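Following: one structure in structure tokens, then a few remarks.
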There are 2 protein chains.
Amino acid sequence: MDKFKVIETPNIEETTEILRNGLKNKAVLIITACCRVAYEGRAKSTLESGDRVIIIKPDGSFLVHKGEKRNPVNWQPPGCKVRFRTENELLVIKSLRSKPKEILEVEISKTHVIMYFILNDDNELNLTGSEVEMSNYIFYENPEIIEKGFQPIAQEKPISNGIIDILGEDKNGNLVVLELKRGRATLDAVSQLKRYTDNLSKENKELRGILVAPSITKSAFKLLESYGLEFREVHPPRKLKMDKIDDRNFSFN
Amino acid sequence: MDKFKVIETPNIEETTEILRNGLKNKAVLIITACCRVAYEGRAKSTLESGDRVIIIKPDGSFLVHKGEKRNPVNWQPPGCKVRFRTENELLVIKSLRSKPKEILEVEISKTHVIMYFILNDDNELNLTGSEVEMSNYIFYENPEIIEKGFQPIAQEKPISNGIIDILGEDKNGNLVVLELKRGRATLDAVSQLKRYTDNLSKENKELRGILVAPSITKSAFKLLESYGLEFREVHPPRKLKMDKIDDRNFSFN
DNA sequence: CAGTCAATCTCGCTC
DNA sequence: GAGCGAGGTTGACTG
């Protein structure tokens with residue numbers, strides 16, 4: 001089995017052969033074609049004829065990309081099943097999802113290029129600057145970045161209303177709820193914090209809520225103040241050292 | 001200029017030639033290659049060597065896909081600029097974003113296939129079953145699906161706290177705030193509605209808030225009740241007629 | 001499974 | 001450009 005195979009302007013037999021082999025051998029299939037697309041499931045959509053890029057991954061992910069935007073115009077998430085058939089000179093590819101029941105149908109009138117590609121990829125993304133890193137930093141490394149005397153008690157603490165990012169005590173022994181955001185905090189974040197403090201304030205009279213983020217929108221800050229809640233500016237940490245691309249362990253296949 | 005061009009196992013000159021021509025002619029570029037990826041911007045990430053599918057769209061969108069998942073492992077949104085250079089036998093492609101300042105760098109050690117493809121696509125997605133359709137249906141066509149005597153006043157009404165989906169009056173002349181969700185309503189939706197009713201209740205003593213959705217989670221419903229708010233089951237309408245999907249063989253193992 | 005929430009969310013719209 | 005909220009959100013994680 002070749003690592004990849006490409007056919008330009010294939011006929012319908014060549015196309016189905018690549019499709020079959022690609023699916024069987026857990027390859028990524030890439031098709032550039034003129035097609036129509038129909039979707040029905042949680043919502044419903046049609047997309048009339050045009051050139052698009054179609055990608056079918058071995059995990060069942062199915063993408064239909066237009067020539068713009070980051071997101072696919074239609075898609076199916078991992079776990080879906082692929083079926084295809086030919087109808088005269090049309091190739092119809094379906095992707096089926098069971099729960100929720102969803103179907104994506106791509107009707108290809110002209111295939112420009114079809115290829116499969118067997119990926120060899122052992123490495124996973126290493127990302128820093130997320131909210132969970134921010135949370136760990138505050139909880140384990142530097143609680144007093146919140147304020148002098150702040151002592152964390154619990155992280156990701158479930159209450160009936162949701163999950164509190166960090167629960168702690170201030171230097172006076174008052175309960176403090178922290179809601180963290182890795183980016184600029186919005187009205188949503190304020191509502192979220194209010195939901196948690198409302199819940200806990202039934203049993204704790206002296207309760208503080210602090211929204212912890214690198215910045216906050218003006219209206220969110222006003223709402224926060226009107227609720228008697230606080231804001232603390234904290235930036236998500238960057239644990240990854242990456243001043244330059246490191247080319248050790250560089251492997252050629 | 002050809003509509004598309006494909007080269008298998010290109011050398012570095014052929015690769016850069018395709019890249020240059022593809023970018024110049026507003027084609028979609030598709031590269032299957034062994035590469036390393038580094039990102040820095042709002043967050044920071046590295047991804048060590050492995051086979052991936054790289055897509056560069058003429059609007060500046062940049063995708064790096066692994067062989068799994070619906071979403072790219074690394075990406076750049078529309079509007080970014082592409083730069084590339086060769087370094088010994090390496091091809092380094094960068095995608096630059098100015099605000100926020102972000103950079104994505106892909107270092108290709110082995111290109112399996114590179115192609116460009118000039119898309120001819122005049123059609124846009126036609127989607128039904130969204131929240132805005134639900135809103136229009138309630139506002140213009142059938143307000144009494146909420147309850148007998150409900151009269152809508154405003155749609156997408158901005159207040160200091162956010163934007164109310166639908167504002168109306170019940171048969172007794174009480175102000176009613178509707179918050180719509182096209183899918184199952186969660187705690188977030190309840191908080192959102194509460195935020196709006198809190199705001200308006202300063203001036204209106206008789207104020208009702210109704211969460212309108214096809215369903216609601218148990219805890220969201222409890223929270224809703226504790227706030228004295230209401231739930232009304234409404235499903236998003238489907239305006240699109242689409243008999244085109246053929247769901248023969250819509251079977252799952 | 002359902003629920004909850006983050007995301008380099010993206011995307012569209014409004015001010 | 002900032003802010004706000006929807007999305008066929010997806011994805012990860014927990015009970």
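Going through the structure tokens in order, the chains are called A, B, and so on, while each chain numbers its residues from 1 and the ligands are numbered from 1 in the order shown.
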
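Near chain B, within 10 Å and counting only C-alpha atoms (C1' of nucleotides), the residues of chain C are DA2, DG3, DT4, DC5, DT8, DT10 and DT14 of chain C.
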
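Every residue of chain D that lies within 10 Å of chain B is listed here, counting only C-alpha atoms (C1' of nucleotides): D:DG3, D:DC4, D:DG5, D:DA6, D:DG7, D:DG8, D:DT10, D:DG11.
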
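When chain A is laid over chain B and all C-alpha atoms are paired one by one, the RMSD comes to 4.3 Å.
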
Residues of range 137-248 of chain A classed as alpha helix (DSSP H) by DSSP on the backbone are to be reported as a ChimeraX atom specification.
/A:187-201,218-226

Pick the closest to Ile164 in chain B from B:Val234, B:Val64, B:Cys80, B:Leu211: which is it, counting only C-alpha atoms?
B:Leu211

With DSSP run on the backbone, what are the strand (DSSP E or B) residues within range 7-87 of chain B? I'd like them as a PyMOL selection string.
chain B and resi 7-8+28-40+44-56+62-65+74-76+81-87

I need the residue nearest chain B from this list: A:Pro10, A:Gly173, A:Pro237, A:Gly22. Use only C-alpha atoms for the distance.
A:Pro237
